[in-house]
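Chemist: Right, I'll just put the structure down here and ask away after.
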Number of protein chains: 4
Amino acid sequence: MCRWLAYTGSPILVHDLLYRPANSLVMQSLHSHLGAEPTNGDGFGLGWYTDQPRPGVFRSTEPAWNDRNLEELTAQIRSGCVLAHVRASTGSPVQQTNCHPFRRGRWLFAHNGLISGFHASKRDLVMAVDPSLFTEIEGTTDTEVLFHLALTFGLEDDPVAAMSRAVGLVEETGRSHGEPYPMQMTVAATDGESLYAFRYSSQGQSRSLFHSADVATMQAQYPDNPLLRELSEDTHLVVSEPLGGLHGAWQEVPESTCVVVRGGRQEQVPFVPSVLASSA
Amino acid sequence: MCRWLAYTGSPILVHDLLYRPANSLVMQSLHSHLGAEPTNGDGFGLGWYTDQPRPGVFRSTEPAWNDRNLEELTAQIRSGCVLAHVRASTGSPVQQTNCHPFRRGRWLFAHNGLISGFHASKRDLVMAVDPSLFTEIEGTTDTEVLFHLALTFGLEDDPVAAMSRAVGLVEETGRSHGEPYPMQMTVAATDGESLYAFRYSSQGQSRSLFHSADVATMQAQYPDNPLLRELSEDTHLVVSEPLGGLHGAWQEVPESTCVVVRGGRQEQVPFVPSVLASSA
Amino acid sequence: MCRWLAYTGSPILVHDLLYRPANSLVMQSLHSHLGAEPTNGDGFGLGWYTDQPRPGVFRSTEPAWNDRNLEELTAQIRSGCVLAHVRASTGSPVQQTNCHPFRRGRWLFAHNGLISGFHASKRDLVMAVDPSLFTEIEGTTDTEVLFHLALTFGLEDDPVAAMSRAVGLVEETGRSHGEPYPMQMTVAATDGESLYAFRYSSQGQSRSLFHSADVATMQAQYPDNPLLRELSEDTHLVVSEPLGGLHGAWQEVPESTCVVVRGGRQEQVPFVPSVLASSA
Amino acid sequence: MCRWLAYTGSPILVHDLLYRPANSLVMQSLHSHLGAEPTNGDGFGLGWYTDQPRPGVFRSTEPAWNDRNLEELTAQIRSGCVLAHVRASTGSPVQQTNCHPFRRGRWLFAHNGLISGFHASKRDLVMAVDPSLFTEIEGTTDTEVLFHLALTFGLEDDPVAAMSRAVGLVEETGRSHGEPYPMQMTVAATDGESLYAFRYSSQGQSRSLFHSADVATMQAQYPDNPLLRELSEDTHLVVSEPLGGLHGAWQEVPESTCVVVRGGRQEQVPFVPSVLASSA
């Protein structure tokens with residue numbers, strides 16, 4: 001059910017990010033280690049920020065492991081904020097409009113997991129999306145609906161509160177249709193300046209999620225490691241699974257937590273769905 | 001804005017239908033003569049009936065004119081009922097789930113035209129689709145929504161009445177959002193036994209639509225024509241534009257008309273949108 | 001490095017062949033058990049014979065496990081001779097012209113394995129292809145070159161002798177460029193009437209290959225098995241790996257062997273590369 | 001038979017180059033004015049130079065007019081040297097490896113036209129490619145073979161002489177197979193520093209080719225034109241057909257001519273095929 005990677009820090013050649021690590025995201029498209037599915041070959045997507053008003057998004061139905069354009073493109077792009085995703089479909093068609101990350105304005109959104117019982121809940125959830133956002137929905141994934149619910153609840157102003165309300169609605173709606181554990185997620189949302197990484201599931205058994213350890217500390221620990229030496233001190237990565245085996249380099253994100261990376265600093269805040277009436 | 005072709009009659013090699021005529025549907029994908037757009041290269045779709053419970057559907061985002069699989073497949077298939085479509089997108093993404101024909105059960109549905117002001121009307125129209133059908137919608141075309149409205153209003157039982165109500169709702173909704181002429185369509189709907197071909201638009205300037213002349217008559221008129229000789233007497237074609245230039249072979253379908261082909265016979269009935277409350 | 005399946009017998013619904021077994025070929029595209037690579041998602045191909053002069057071929061770069069058109073198409077096709085293949089690329093691009101089976105006239109050809117050191121040998125091998133066949137080569141796989149060498153040496157007249165010469169040339173050429181073990185293969189070649197399945201490698205450690213046991217015997221052994229009951233007595237399957245776990249249903253094809261299925265009967269003949277001067 | 005565009009000058013947002021002009025290259029993919037074919041929807045390719053060792057290449061089989069990734073990508077890339085191409089196939093399959101531009105090292109190569117009688121000449125021409133370059137050929141276009149012949153004859157050192165010899169060989173070989181007028185071309189070749197644009201055909205009726213007028217002169221002539229104001233004085237464009245209708249902005253490249261743009265300056269040299277023995 002997908003793997004993703006979020007990077008913030010000094011501009012980095014995106015190819016290094018996606019291809020060089022031992023367990024790179026592209027490797028994970030073929031054989032991930034901690035994913036619900038080993039293979040994530042149902043398309044991929046890459047979002048990246050430059051000096052342009054909006055981030056760029058490149059999405060393809062090709063498996064990431066053999067897409068030449070992805071290799072070519074990433075070999076030419078440097079960016080200080082990147083969100084990449086490889087997909088294992090949970091039922092919806094494989095098409096570009098079902099690939100993550102999704103975008104609105106400067107915001108990008110990617111997800112690993114699913115909304116259980118989405119088939120029964122979908123109509124209610126879609127109707128809870130603000131009418132002005134309704135026609136922005138282009139695909140059929142639960143992720144895209146979750147994103148638009150979060151936008152409806154003010155993701156662009158207060159991401160944690162908005163996601164809290166969105167997930168609360170998803171759980172409430174799911175339970176009303178007989179689904180006891182509707183939400184299963186790790187989610188990345190970013191506007192290019194701040195990164196919000198959520199780990200939560202109704203049953204408390206969420207998909208894997210890790211964040212990088214402090215780079216300065218790691219550089220001190222491993223002074224001869226060439227990859228580490230290239231990273232800037234404000235580098236922060238949040239990933240579905242560790243990109244490599246370096247001891248101490250990755251720390252698990254706890255359940256029911258949101259990792260916030262802003263201005264080179266990282267903090268963690270509790271994440272709890274709130275039970276509020278929808279704004280539909 | 002698309003071109004389509006519907007065939008009923010004795011089983012025919014589908015390749016002959018799609019490739020042999022001088023102005024074949026595949027030719028029309030590259031350069032149509034009477035379409036709103038000359039080029040219809042935003043994907044294509046083919047539906048055909050065999051002895052299986054459901055018709056087969058083959059849809060692709062490739063332009064029809066260079067898709068080898070379409071050539072290969074059609075060279076191996078014989079069918080007595082075929083609905084094929086080449087697409088020129090009116091804005092929605094090019095993806096398989098946005099290609100026609102759409103299917104439900106034994107029913108296939110294709111469309112040339114658009115719902116003007118769909119962006120403003122979409123939410124209301126989607127909400128009018130029966131909840132049990134809501135999650136069947138996989139794409140983002142106005143056509144697919146129109147199809148599901150028709151299904152909601154009983155297409156499987158009384159196609160003309162159902163389309164009448166669906167179009168009535170589309171027009172009523174469109175006007176409520178300030179759009180004076182919401183509906184522009186030729187539509188083909190079939191269950192493999194009967195074919196219903198509609199030509200209607202709110203402004204009375206509908207996309208082109210023709211039906212074939214009686215084959216026995218044409219065979220008598222042109223006894224040496226090899227293509228004609230191969231056709232069975234119960235052959236009926238309804239097409240966006242004539243497949244060839246044989247004088248008298250094609251007759252225009254009038255505005256506000258539904259052509260019904262059943263049991264080898266063809267009749268025409270008036271088509272008028274009805275103004276009924278939606279069943280949402 | 002690929003998995004394939006060849007079927008001869010009474011006409012069968014191709015969907016049953018490719019999707020119903022517990023370890024179906026489509027399952028193997030996602031996770032094979034005995035393949036060099038577990039995932040074979042670099043495209044697929046399907047060849048099948050009907051009453052038309054040539055077999056049909058449907059090839060796609062999509063992974064087989066999520067290609068809807070493959071599901072649709074196979075649900076409508078019955079055939080008495082089918083050759084299907086799922087690909088794991090050994091380096092050449094993922095494109096339709098690199099998918100198997102390859103075709104010439106009534107002949108289809110698929111391969112699991114590779115020509116080691118192909119990069120160094122390619123020019124010599126391509127130059128050994130008969131000039132009249134040279135421009136038929138559309139892709140960049142070693143398989144397609146092997147096929148055209150076999151055609152050059154008379155595959156259409158004496159497949160075993162032709163393959164023997166082709167493989168002999170491959171090994172001779174490979175060794176001349178410093179490659180000790182050039183050939184690694186299981187190959188299926190058929191003209192719709194006879195099926196030739198080869199298992200051979202220079203090092204004697206060939207990719208897995210199995211053939212079905214006699215159906216009448218199996219039906220007697222498992223009288224209650226519904227899948228078996230549907231098969232005709234002249235059913236023969238040759239597969240990269242067993243489609244299911246029924247004890248005794250599958251027998252391994254020995255090394256250096258060609259299985260010949262003709263007129264409902266199966267025999268095995270030794271396969272030995274012959275060292276002959278090329279006909280270039 | 002294709003349209004292309006080459007740009008050198010100060011870094012420009014590639015999206016402006018490909019989408020903003022009235023008769024942009026993307027418009028030409030749908031409906032060109034001076035091409036042999038109006039529609040060039042059989043794939044496209046984009047090559048661009050940054051500070052990386054090699055230029056990036058993005059190629060797709062999608063028609064350029066509806067490829068979202070092309071829009072997205074170009075909206076994020078600035079480059080001082082760009083070569084883009086939209087394809088109308090002259091027979092070879094539509095696949096990424098048949099899209100232009102082709103690349104080797106820092107060199108990019110694109111072509112409008114064809115080698116007449118390529119089917120008969122192909123084997124001889126391919127054999128004339130230097131063996132060390134032979135396996136670099138990934139597709140089946142005449143263009144790619146022409147490129148590799150030019151590389152064989154020293155394109156990387158003296159492009160005009162190398163093309164002269166390559167075309168000479170093509171004509172000599174073609175005539176030996178009974179083809180009176182083998183070569184039809186406009187070609188762009190660049191290494192990111194210099195641009196070479198050739199216009200030549202055996203029959204002297206070459207595909208259209210234009211170069212931009214001096215920008216400083218045009219800015220003086222049209223001081224209020226916003227697009228012009230944005231261009232740097234060292235801007236040079238060579239295009240299959242004018243991107244817009246501004247009077248005096250485009251000048252036709254004469255037959256049998258090579259336009260050389262280097263260091264912000266442009267000159268024209270005669271182009272004549274030379275008749276030399278091949279180096280095979």
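Numbering starts fresh at 1 for the residues of each chain in the structure tokens, the chains themselves are lettered A, B, ... in the order given, and ligands are numbered from 1 as they appear.
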Give me the residues near Gly192 (chain A) as a list of chain:residue names, where near means some atom within 8 Å (using only C-alpha atoms) and where sequence neighbours in that chain fewer than 3 positions away do not count.
Modeler: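 Non-adjacent residues within range: A:Tyr49, A:Pro55, A:Cys81, A:Arg106, A:Trp107, A:Leu195.
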Chemist: Based on the selection just made, write all heavy atoms of those residues as a PDB file, in the first residue's frame.
Modeler:
```
ATOM      1  N   TYR A  49       9.822  21.602  -5.224  1.00  0.00           N
ATOM      2  CA  TYR A  49       9.677  23.049  -5.181  1.00  0.00           C
ATOM      3  C   TYR A  49      10.918  23.717  -5.770  1.00  0.00           C
ATOM      4  O   TYR A  49      12.044  23.284  -5.520  1.00  0.00           O
ATOM      5  CB  TYR A  49       9.501  23.522  -3.731  1.00  0.00           C
ATOM      6  CG  TYR A  49       8.183  23.095  -3.122  1.00  0.00           C
ATOM      7  CD1 TYR A  49       8.017  21.796  -2.631  1.00  0.00           C
ATOM      8  CD2 TYR A  49       7.098  23.962  -3.050  1.00  0.00           C
ATOM      9  CE1 TYR A  49       6.800  21.388  -2.094  1.00  0.00           C
ATOM     10  CE2 TYR A  49       5.879  23.563  -2.512  1.00  0.00           C
ATOM     11  CZ  TYR A  49       5.741  22.270  -2.039  1.00  0.00           C
ATOM     12  OH  TYR A  49       4.535  21.873  -1.507  1.00  0.00           O
ATOM     13  N   PRO A  55       4.658  24.157  -6.868  1.00  0.00           N
ATOM     14  CA  PRO A  55       5.616  23.050  -7.035  1.00  0.00           C
ATOM     15  C   PRO A  55       5.323  22.308  -8.335  1.00  0.00           C
ATOM     16  O   PRO A  55       4.191  22.325  -8.820  1.00  0.00           O
ATOM     17  CB  PRO A  55       5.332  22.150  -5.823  1.00  0.00           C
ATOM     18  CG  PRO A  55       3.921  22.452  -5.443  1.00  0.00           C
ATOM     19  CD  PRO A  55       3.698  23.892  -5.783  1.00  0.00           C
ATOM     20  N   CYS A  81      12.952  20.964  -1.273  1.00  0.00           N
ATOM     21  CA  CYS A  81      11.772  20.329  -0.694  1.00  0.00           C
ATOM     22  C   CYS A  81      11.165  19.383  -1.721  1.00  0.00           C
ATOM     23  O   CYS A  81      10.763  19.818  -2.799  1.00  0.00           O
ATOM     24  CB  CYS A  81      10.755  21.375  -0.252  1.00  0.00           C
ATOM     25  SG  CYS A  81       9.320  20.649   0.573  1.00  0.00           S
ATOM     26  N   ARG A 106       0.149  25.709  -3.398  1.00  0.00           N
ATOM     27  CA  ARG A 106       1.515  25.327  -3.051  1.00  0.00           C
ATOM     28  C   ARG A 106       1.584  24.038  -2.222  1.00  0.00           C
ATOM     29  O   ARG A 106       2.661  23.604  -1.850  1.00  0.00           O
ATOM     30  CB  ARG A 106       2.197  26.457  -2.254  1.00  0.00           C
ATOM     31  CG  ARG A 106       2.668  27.615  -3.139  1.00  0.00           C
ATOM     32  CD  ARG A 106       3.554  28.578  -2.386  1.00  0.00           C
ATOM     33  NE  ARG A 106       4.823  27.988  -1.981  1.00  0.00           N
ATOM     34  CZ  ARG A 106       5.890  27.858  -2.759  1.00  0.00           C
ATOM     35  NH1 ARG A 106       5.836  28.260  -4.017  1.00  0.00           N
ATOM     36  NH2 ARG A 106       7.015  27.309  -2.302  1.00  0.00           N
ATOM     37  N   TRP A 107       0.416  23.456  -1.945  1.00  0.00           N
ATOM     38  CA  TRP A 107       0.381  22.275  -1.080  1.00  0.00           C
ATOM     39  C   TRP A 107       0.466  20.969  -1.867  1.00  0.00           C
ATOM     40  O   TRP A 107      -0.167  20.807  -2.904  1.00  0.00           O
ATOM     41  CB  TRP A 107      -0.905  22.284  -0.240  1.00  0.00           C
ATOM     42  CG  TRP A 107      -0.795  23.257   0.895  1.00  0.00           C
ATOM     43  CD1 TRP A 107      -1.101  24.583   0.883  1.00  0.00           C
ATOM     44  CD2 TRP A 107      -0.292  22.973   2.218  1.00  0.00           C
ATOM     45  NE1 TRP A 107      -0.836  25.157   2.099  1.00  0.00           N
ATOM     46  CE2 TRP A 107      -0.331  24.189   2.942  1.00  0.00           C
ATOM     47  CE3 TRP A 107       0.183  21.831   2.857  1.00  0.00           C
ATOM     48  CZ2 TRP A 107       0.077  24.286   4.275  1.00  0.00           C
ATOM     49  CZ3 TRP A 107       0.588  21.917   4.185  1.00  0.00           C
ATOM     50  CH2 TRP A 107       0.550  23.129   4.876  1.00  0.00           C
ATOM     51  N   LEU A 195       6.808  21.057   6.661  1.00  0.00           N
ATOM     52  CA  LEU A 195       6.418  19.689   6.334  1.00  0.00           C
ATOM     53  C   LEU A 195       5.695  19.095   7.531  1.00  0.00           C
ATOM     54  O   LEU A 195       6.170  19.200   8.666  1.00  0.00           O
ATOM     55  CB  LEU A 195       7.659  18.847   6.029  1.00  0.00           C
ATOM     56  CG  LEU A 195       7.472  17.318   5.969  1.00  0.00           C
ATOM     57  CD1 LEU A 195       6.619  16.933   4.746  1.00  0.00           C
ATOM     58  CD2 LEU A 195       8.823  16.611   5.918  1.00  0.00           C
TER      59      LEU A 195
END
```
Chemist: Can you list, as a list in words, every residue of region 156-185 of chain C that DSSP puts in helix (DSSP H, G or I)?
Modeler: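 Taking region 156-185 of chain C and keeping helix (DSSP H, G or I) gives Pro159, Val160, Ala161, Ala162, Met163, Ser164, Arg165, Ala166, Val167, Gly168, Leu169, Val170, Glu171, Glu172, Thr173, Gly174, Arg175 and Ser176 of chain C.
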Chemist: Write out as a count of residues only each polymer residue whose atoms come within 12 Å of Leu18 (chain C), counting only C-alpha atoms; drop sequence neighbours fewer than 2 positions from it.
Modeler: 38
Chemist: Would you mind listing, as a ChimeraX atom specification, all residues of chain A that have at least one atom within 9 Å of chain C, where only C-alpha atoms are what counts?
Modeler: /A:30-31,39,41-42,61-63,66-68,93-94
Chemist: With N, CA, C and O atoms retained, could you export that selection as a PDB file, in the first residue's frame?
Modeler:
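Saved result, again.pdb, follows:
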```pdb
ATOM      1  N   LEU A  30      10.168  -1.753  -6.265  1.00  0.00           N
ATOM      2  CA  LEU A  30      10.296  -3.145  -6.670  1.00  0.00           C
ATOM      3  C   LEU A  30      10.131  -4.088  -5.476  1.00  0.00           C
ATOM      4  O   LEU A  30       9.351  -5.028  -5.522  1.00  0.00           O
ATOM      5  N   HIS A  31      10.882  -3.813  -4.394  1.00  0.00           N
ATOM      6  CA  HIS A  31      10.776  -4.665  -3.200  1.00  0.00           C
ATOM      7  C   HIS A  31      10.980  -3.861  -1.933  1.00  0.00           C
ATOM      8  O   HIS A  31      12.107  -3.659  -1.495  1.00  0.00           O
ATOM      9  N   THR A  39       5.720  -5.095  -3.409  1.00  0.00           N
ATOM     10  CA  THR A  39       5.880  -4.386  -4.667  1.00  0.00           C
ATOM     11  C   THR A  39       4.936  -3.195  -4.734  1.00  0.00           C
ATOM     12  O   THR A  39       3.747  -3.312  -4.419  1.00  0.00           O
ATOM     13  N   GLY A  41       4.300  -1.091  -7.638  1.00  0.00           N
ATOM     14  CA  GLY A  41       4.537  -0.823  -9.050  1.00  0.00           C
ATOM     15  C   GLY A  41       3.347  -0.246  -9.784  1.00  0.00           C
ATOM     16  O   GLY A  41       3.307  -0.273 -11.015  1.00  0.00           O
ATOM     17  N   ASP A  42       2.384   0.291  -9.041  1.00  0.00           N
ATOM     18  CA  ASP A  42       1.173   0.824  -9.676  1.00  0.00           C
ATOM     19  C   ASP A  42       1.263   2.319  -9.902  1.00  0.00           C
ATOM     20  O   ASP A  42       0.314   3.067  -9.637  1.00  0.00           O
ATOM     21  N   THR A  61       2.057   6.238 -14.620  1.00  0.00           N
ATOM     22  CA  THR A  61       1.533   4.921 -14.279  1.00  0.00           C
ATOM     23  C   THR A  61       2.603   3.838 -14.372  1.00  0.00           C
ATOM     24  O   THR A  61       2.371   2.697 -14.002  1.00  0.00           O
ATOM     25  N   GLU A  62       3.752   4.184 -14.921  1.00  0.00           N
ATOM     26  CA  GLU A  62       4.846   3.206 -15.030  1.00  0.00           C
ATOM     27  C   GLU A  62       5.372   2.853 -13.644  1.00  0.00           C
ATOM     28  O   GLU A  62       5.418   3.704 -12.764  1.00  0.00           O
ATOM     29  N   PRO A  63       5.795   1.615 -13.443  1.00  0.00           N
ATOM     30  CA  PRO A  63       6.509   1.323 -12.193  1.00  0.00           C
ATOM     31  C   PRO A  63       7.765   2.193 -12.105  1.00  0.00           C
ATOM     32  O   PRO A  63       8.446   2.363 -13.110  1.00  0.00           O
ATOM     33  N   ASN A  66      11.526   1.164 -13.529  1.00  0.00           N
ATOM     34  CA  ASN A  66      12.023   1.159 -14.900  1.00  0.00           C
ATOM     35  C   ASN A  66      11.606   2.382 -15.701  1.00  0.00           C
ATOM     36  O   ASN A  66      11.654   2.362 -16.922  1.00  0.00           O
ATOM     37  N   ASP A  67      11.261   3.461 -15.015  1.00  0.00           N
ATOM     38  CA  ASP A  67      10.854   4.656 -15.748  1.00  0.00           C
ATOM     39  C   ASP A  67      12.064   5.537 -16.036  1.00  0.00           C
ATOM     40  O   ASP A  67      12.646   6.146 -15.136  1.00  0.00           O
ATOM     41  N   ARG A  68      12.429   5.614 -17.290  1.00  0.00           N
ATOM     42  CA  ARG A  68      13.610   6.376 -17.674  1.00  0.00           C
ATOM     43  C   ARG A  68      13.427   7.870 -17.467  1.00  0.00           C
ATOM     44  O   ARG A  68      14.357   8.578 -17.100  1.00  0.00           O
ATOM     45  N   PRO A  93      -8.282   2.413 -10.049  1.00  0.00           N
ATOM     46  CA  PRO A  93      -7.500   2.207 -11.266  1.00  0.00           C
ATOM     47  C   PRO A  93      -6.109   2.833 -11.206  1.00  0.00           C
ATOM     48  O   PRO A  93      -5.863   3.782 -10.461  1.00  0.00           O
ATOM     49  N   VAL A  94      -5.223   2.263 -11.985  1.00  0.00           N
ATOM     50  CA  VAL A  94      -3.885   2.821 -12.121  1.00  0.00           C
ATOM     51  C   VAL A  94      -3.940   3.879 -13.212  1.00  0.00           C
ATOM     52  O   VAL A  94      -4.092   3.567 -14.386  1.00  0.00           O
TER      53      VAL A  94
END
```
Chemist: Might you pull out every residue within 7 Å of Thr140 (chain D), with only C-alpha atoms counted and same-chain residues fewer than 2 positions away left off, and present them as a PyMOL selection string?
Modeler: (chain C and resi 138) or (chain D and resi 92+98+142)
Chemist: Can you write just those residues out, N, CA and C atoms, as a PDB file, in the first residue's frame?
Modeler:
```pdb
ATOM      1  N   GLU C 138      12.318  -5.372 -34.627  1.00  0.00           N
ATOM      2  CA  GLU C 138      11.756  -4.084 -34.221  1.00  0.00           C
ATOM      3  C   GLU C 138      12.230  -3.607 -32.863  1.00  0.00           C
TER       4      GLU C 138
ATOM      5  N   SER D  92       7.814   3.534 -38.402  1.00  0.00           N
ATOM      6  CA  SER D  92       8.336   2.765 -37.264  1.00  0.00           C
ATOM      7  C   SER D  92       7.427   2.954 -36.041  1.00  0.00           C
ATOM      8  N   ASN D  98      11.955   5.594 -29.995  1.00  0.00           N
ATOM      9  CA  ASN D  98      11.859   6.134 -31.352  1.00  0.00           C
ATOM     10  C   ASN D  98      11.545   7.620 -31.365  1.00  0.00           C
ATOM     11  N   ASP D 142      14.988   5.684 -38.873  1.00  0.00           N
ATOM     12  CA  ASP D 142      16.066   6.067 -39.772  1.00  0.00           C
ATOM     13  C   ASP D 142      16.903   7.181 -39.125  1.00  0.00           C
TER      14      ASP D 142
END
```
Chemist: Determine, counting only C-alpha atoms, which protein, DNA and RNA residues have an atom within 12 Å of an atom of Gln184 (chain A); residues of the same chain fewer than 3 positions away are not included. Present the result as a PDB file with C-alpha atoms, in the first residue's frame.
Modeler:
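Saved file result-v3.pdb follows:
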```
ATOM      1  CA  MET A   1       0.000   0.000   0.000  1.00  0.00           C
ATOM      2  CA  ALA A  36       1.966  -3.936   3.407  1.00  0.00           C
ATOM      3  CA  HIS A 111      -0.527   8.960   1.748  1.00  0.00           C
ATOM      4  CA  ASN A 112       0.278   5.374   2.639  1.00  0.00           C
ATOM      5  CA  GLY A 113      -2.672   3.357   3.873  1.00  0.00           C
ATOM      6  CA  LEU A 114      -6.354   3.391   3.095  1.00  0.00           C
ATOM      7  CA  ILE A 115      -9.821   4.289   4.267  1.00  0.00           C
ATOM      8  CA  SER A 116     -11.398   0.957   5.116  1.00  0.00           C
ATOM      9  CA  GLY A 117     -14.966   0.668   3.920  1.00  0.00           C
ATOM     10  CA  PHE A 118     -14.394   3.541   1.504  1.00  0.00           C
ATOM     11  CA  ASP A 142      -9.527   7.633  -0.927  1.00  0.00           C
ATOM     12  CA  THR A 143      -6.365   9.714  -0.561  1.00  0.00           C
ATOM     13  CA  LEU A 146      -9.004  12.825   2.373  1.00  0.00           C
ATOM     14  CA  VAL A 167      -9.797  12.055  10.048  1.00  0.00           C
ATOM     15  CA  VAL A 170     -13.668   9.723   8.158  1.00  0.00           C
ATOM     16  CA  GLU A 171     -13.863   7.656  11.331  1.00  0.00           C
ATOM     17  CA  GLY A 174     -16.970   4.838   8.526  1.00  0.00           C
ATOM     18  CA  PRO A 180     -14.971  -0.253  13.105  1.00  0.00           C
ATOM     19  CA  TYR A 181     -11.501   0.912  12.027  1.00  0.00           C
ATOM     20  CA  VAL A 187       0.431  11.211   5.417  1.00  0.00           C
ATOM     21  CA  PHE A 198       1.229  12.195  10.270  1.00  0.00           C
ATOM     22  CA  ARG A 199       1.148   8.659  11.609  1.00  0.00           C
ATOM     23  CA  TYR A 200      -2.230   7.428  12.793  1.00  0.00           C
ATOM     24  CA  SER A 201      -4.694   4.578  12.422  1.00  0.00           C
ATOM     25  CA  SER A 202      -8.010   3.797  14.057  1.00  0.00           C
ATOM     26  CA  GLN A 203      -6.694   0.493  15.315  1.00  0.00           C
ATOM     27  CA  GLY A 204      -3.347   1.849  16.430  1.00  0.00           C
ATOM     28  CA  GLN A 205      -1.364  -0.353  14.036  1.00  0.00           C
ATOM     29  CA  SER A 206      -0.219   2.197  11.537  1.00  0.00           C
ATOM     30  CA  ARG A 207       1.964   1.764   8.473  1.00  0.00           C
ATOM     31  CA  SER A 208       5.644   2.264   9.179  1.00  0.00           C
ATOM     32  CA  GLU A 255       1.656   6.224  16.705  1.00  0.00           C
ATOM     33  CA  SER A 256      -0.798   9.126  16.795  1.00  0.00           C
TER      34      SER A 256
END
```
Chemist: If you superpose chain B onto chain C over the full set of Cα atoms in sequence order, what number do you get for the RMSD in Å?
Modeler: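 That gives an RMSD of 0.0 Å.
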Chemist: I'd like to know which residues of region 54-177 of chain A are strand (DSSP E or B) (by DSSP, run on the backbone); could you write them as a PyMOL selection string?
Modeler: chain A and resi 56-60+78-86+102-104+107-115
Chemist: Distance CA of Ser10 (chain D)-CA of Glu233 (chain D), one decimal place?
Modeler: 8.4 Å
Chemist: Calculate how many Å separate CA of Thr235 (chain D) from CA of Val57 (chain D), rounding to one decimal.
Modeler: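 Distance reported for this atom pair: 21.6 Å.
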Chemist: Closest to Ser194 (chain A) among A:Gln76, A:Ser121, A:Cys2, A:Gly263, using only C-alpha atoms?
Modeler: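 With only C-alpha atoms as the atom set, the closest residue is A:Gly263.
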Chemist: Identify, on the basis of only C-alpha atoms, every residue whose closest approach to Met163 (chain A) does not exceed 8 Å; exclude the query and any residue fewer than 4 positions from it along the same chain; express the result as a ChimeraX atom specification.
Modeler: /A:150,153,155,159,167,273
Chemist: I need the residues from that last selection saved to file as a PDB file, in the first residue's frame (with C-alpha atoms), if you can.
Modeler:
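out_34.pdb was written with the following content:
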```pdb
ATOM      1  CA  ALA A 150      -8.452  18.455   4.893  1.00  0.00           C
ATOM      2  CA  PHE A 153     -11.266  22.077   7.036  1.00  0.00           C
ATOM      3  CA  LEU A 155      -5.292  22.616   5.722  1.00  0.00           C
ATOM      4  CA  PRO A 159      -2.736  21.616   8.887  1.00  0.00           C
ATOM      5  CA  VAL A 167      -9.797  12.055  10.048  1.00  0.00           C
ATOM      6  CA  PRO A 273      -8.928  12.960  15.407  1.00  0.00           C
TER       7      PRO A 273
END
```
Chemist: Expressed in Å to a single decimal, how great is the separation between CA of Asp130 (chain D) and CA of Ala88 (chain D)?
Modeler: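 Spanning CA of Asp130 (chain D) to CA of Ala88 (chain D) is a straight-line distance of 28.3 Å.
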Chemist: Leaving out Val145 (chain C) and any residue of its chain fewer than 5 positions from it, which residues lie within 8 Å of it when counting only C-alpha atoms, given as a list in words?
Modeler: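 Once the nearby chain positions are removed, what remains is Leu125, Val126, Val129 and Ile137 of chain C.
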